[in-house]
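**Q** I have a structure I would like to understand better, so I am pasting it below and will then ask my questions one at a time.
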Amino acid sequence: MNNIEQRVHEVLHNLNWLLEAHDSFAELVEVKGNKVVIRCVGYCAECETDCVGVAFKERMPDIELILQ
């Protein structure tokens with residue numbers, strides 16, 4: 001597991017406990033260079049607050065995040 005993938009898993013671990021309260025979760029689909037693809041499932045997939053995007057922007061501003 002590379003450094004970016006490890007950091008992504010840490011962010012997801014810290015984020016998913018919050019998303020679970022809303023019957024949602026986010027999971028890693030792919031890491032390709034500095035591009036990270038995350039799949040959001042449940043209510044978070046259509047939520048306007050963009051918790052997933054905000055969490056990654058704060059903790060990993062050096063990546064390109066793609067949400068599915």
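Every chain in the structure tokens has a letter given in the order shown (A, B, ...), and although residue numbers restart at 1 in each chain, ligands are simply numbered from 1 in the order shown.
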Would you pick out the contacts of stretch 62-65 of chain A at 9 Å or less, using only C-alpha atoms, so that residues sharing its chain but fewer than 6 positions from it are not included, and give the list as number ranges by chain?
**A** A: 4, 33-38, 53, 56
**Q** Could you pull the residues within 10 Å of A:Phe25, counting only C-alpha atoms, minus those fewer than 4 positions along the same chain, as a ChimeraX atom specification?
**A** /A:12-13,15-21,39-45,52
**Q** Just the selected residues (N, CA and C atoms), exported as a PDB file, in the first residue's frame, please.
**A**
ATOM      1  N   LEU A  12     -10.833   7.994   5.425  1.00  0.00           N
ATOM      2  CA  LEU A  12     -12.095   7.262   5.351  1.00  0.00           C
ATOM      3  C   LEU A  12     -12.470   6.644   6.693  1.00  0.00           C
ATOM      4  N   HIS A  13     -11.498   6.111   7.397  1.00  0.00           N
ATOM      5  CA  HIS A  13     -11.760   5.522   8.712  1.00  0.00           C
ATOM      6  C   HIS A  13     -12.340   6.572   9.660  1.00  0.00           C
ATOM      7  N   LEU A  15     -13.846   9.318   8.820  1.00  0.00           N
ATOM      8  CA  LEU A  15     -15.064   9.898   8.264  1.00  0.00           C
ATOM      9  C   LEU A  15     -16.250   8.947   8.329  1.00  0.00           C
ATOM     10  N   ASN A  16     -16.021   7.672   8.135  1.00  0.00           N
ATOM     11  CA  ASN A  16     -17.133   6.732   8.023  1.00  0.00           C
ATOM     12  C   ASN A  16     -17.940   6.572   9.303  1.00  0.00           C
ATOM     13  N   TRP A  17     -17.350   6.766  10.462  1.00  0.00           N
ATOM     14  CA  TRP A  17     -18.153   6.662  11.691  1.00  0.00           C
ATOM     15  C   TRP A  17     -19.237   7.740  11.695  1.00  0.00           C
ATOM     16  N   LEU A  18     -18.943   8.906  11.137  1.00  0.00           N
ATOM     17  CA  LEU A  18     -19.928   9.977  11.038  1.00  0.00           C
ATOM     18  C   LEU A  18     -20.977   9.648   9.977  1.00  0.00           C
ATOM     19  N   LEU A  19     -20.537   9.153   8.849  1.00  0.00           N
ATOM     20  CA  LEU A  19     -21.456   8.829   7.763  1.00  0.00           C
ATOM     21  C   LEU A  19     -22.394   7.683   8.133  1.00  0.00           C
ATOM     22  N   GLU A  20     -21.909   6.747   8.940  1.00  0.00           N
ATOM     23  CA  GLU A  20     -22.735   5.609   9.354  1.00  0.00           C
ATOM     24  C   GLU A  20     -23.974   6.054  10.106  1.00  0.00           C
ATOM     25  N   ALA A  21     -23.883   7.166  10.806  1.00  0.00           N
ATOM     26  CA  ALA A  21     -25.038   7.698  11.533  1.00  0.00           C
ATOM     27  C   ALA A  21     -26.140   8.129  10.580  1.00  0.00           C
ATOM     28  N   ARG A  39     -16.095   6.240  -3.793  1.00  0.00           N
ATOM     29  CA  ARG A  39     -17.520   5.973  -4.043  1.00  0.00           C
ATOM     30  C   ARG A  39     -18.283   6.245  -2.761  1.00  0.00           C
ATOM     31  N   CYS A  40     -19.312   7.072  -2.868  1.00  0.00           N
ATOM     32  CA  CYS A  40     -20.179   7.383  -1.732  1.00  0.00           C
ATOM     33  C   CYS A  40     -21.479   6.610  -1.884  1.00  0.00           C
ATOM     34  N   VAL A  41     -21.923   5.997  -0.795  1.00  0.00           N
ATOM     35  CA  VAL A  41     -23.122   5.168  -0.808  1.00  0.00           C
ATOM     36  C   VAL A  41     -24.067   5.655   0.281  1.00  0.00           C
ATOM     37  N   GLY A  42     -25.352   5.652  -0.029  1.00  0.00           N
ATOM     38  CA  GLY A  42     -26.354   6.086   0.937  1.00  0.00           C
ATOM     39  C   GLY A  42     -26.657   7.563   0.766  1.00  0.00           C
ATOM     40  N   TYR A  43     -27.135   8.163   1.834  1.00  0.00           N
ATOM     41  CA  TYR A  43     -27.532   9.560   1.779  1.00  0.00           C
ATOM     42  C   TYR A  43     -26.377  10.496   1.441  1.00  0.00           C
ATOM     43  N   CYS A  44     -25.170  10.127   1.817  1.00  0.00           N
ATOM     44  CA  CYS A  44     -24.025  11.005   1.564  1.00  0.00           C
ATOM     45  C   CYS A  44     -23.761  11.172   0.072  1.00  0.00           C
ATOM     46  N   ALA A  45     -24.234  10.253  -0.743  1.00  0.00           N
ATOM     47  CA  ALA A  45     -24.007  10.340  -2.180  1.00  0.00           C
ATOM     48  C   ALA A  45     -24.689  11.555  -2.799  1.00  0.00           C
ATOM     49  N   VAL A  52     -17.502  14.506   2.582  1.00  0.00           N
ATOM     50  CA  VAL A  52     -16.377  13.720   2.073  1.00  0.00           C
ATOM     51  C   VAL A  52     -15.375  14.646   1.387  1.00  0.00           C
TER      52      VAL A  52
END
**Q** Mind checking DSSP for chain A and telling me the strand (DSSP E) residues as number ranges by chain?
**A** A: 25-32, 35-41, 64-67
**Q** Would you mind reading off the distance between atom CA of A:Asn14 and atom CA of A:Glu27, one decimal, in Å?
**A**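 Atom CA of A:Glu27 lies 12.0 Å from atom CA of A:Asn14.
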**Q** Using only C-alpha atoms, can you tell me which of A:Leu28, A:Thr49, A:Pro61, A:Asp23 comes closest to A:Glu10?
**A**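 Closest residue, counting only C-alpha atoms: A:Leu28.
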**Q** Which of stretch 24-67 of chain A counts as alpha helix (DSSP H) under DSSP, as a PyMOL selection string please?
**A** chain A and resi 51-59
**Q** Next, write the just-selected residues to a file, as a CSV table (one decimal), in the first residue's frame, keeping C-alpha atoms as the atom set.
**A**
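And here is the file that came out, result-v8.csv:
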chain,number,residue,atom,x,y,z
A,51,CYS,CA,-18.6,16.1,4.0
A,52,VAL,CA,-16.4,13.7,2.1
A,53,GLY,CA,-15.0,16.4,-0.2
A,54,VAL,CA,-14.4,18.8,2.7
A,55,ALA,CA,-12.6,16.1,4.8
A,56,PHE,CA,-10.2,15.3,1.9
A,57,LYS,CA,-9.6,18.9,1.0
A,58,GLU,CA,-8.6,19.6,4.6
A,59,ARG,CA,-6.5,16.5,5.1
**Q** Take atom CA of A:Asn3 and atom CA of A:Gln68 and report the distance between them in Å, one decimal.
**A**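 These two atoms are separated by 22.2 Å.
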**Q** Nearest to A:Arg7 among A:Val31, A:Cys47, A:Ile66, A:Ala26, with distances taken over only C-alpha atoms: which residue is it?
**A**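 Closest to A:Arg7, using only C-alpha atoms: A:Val31.
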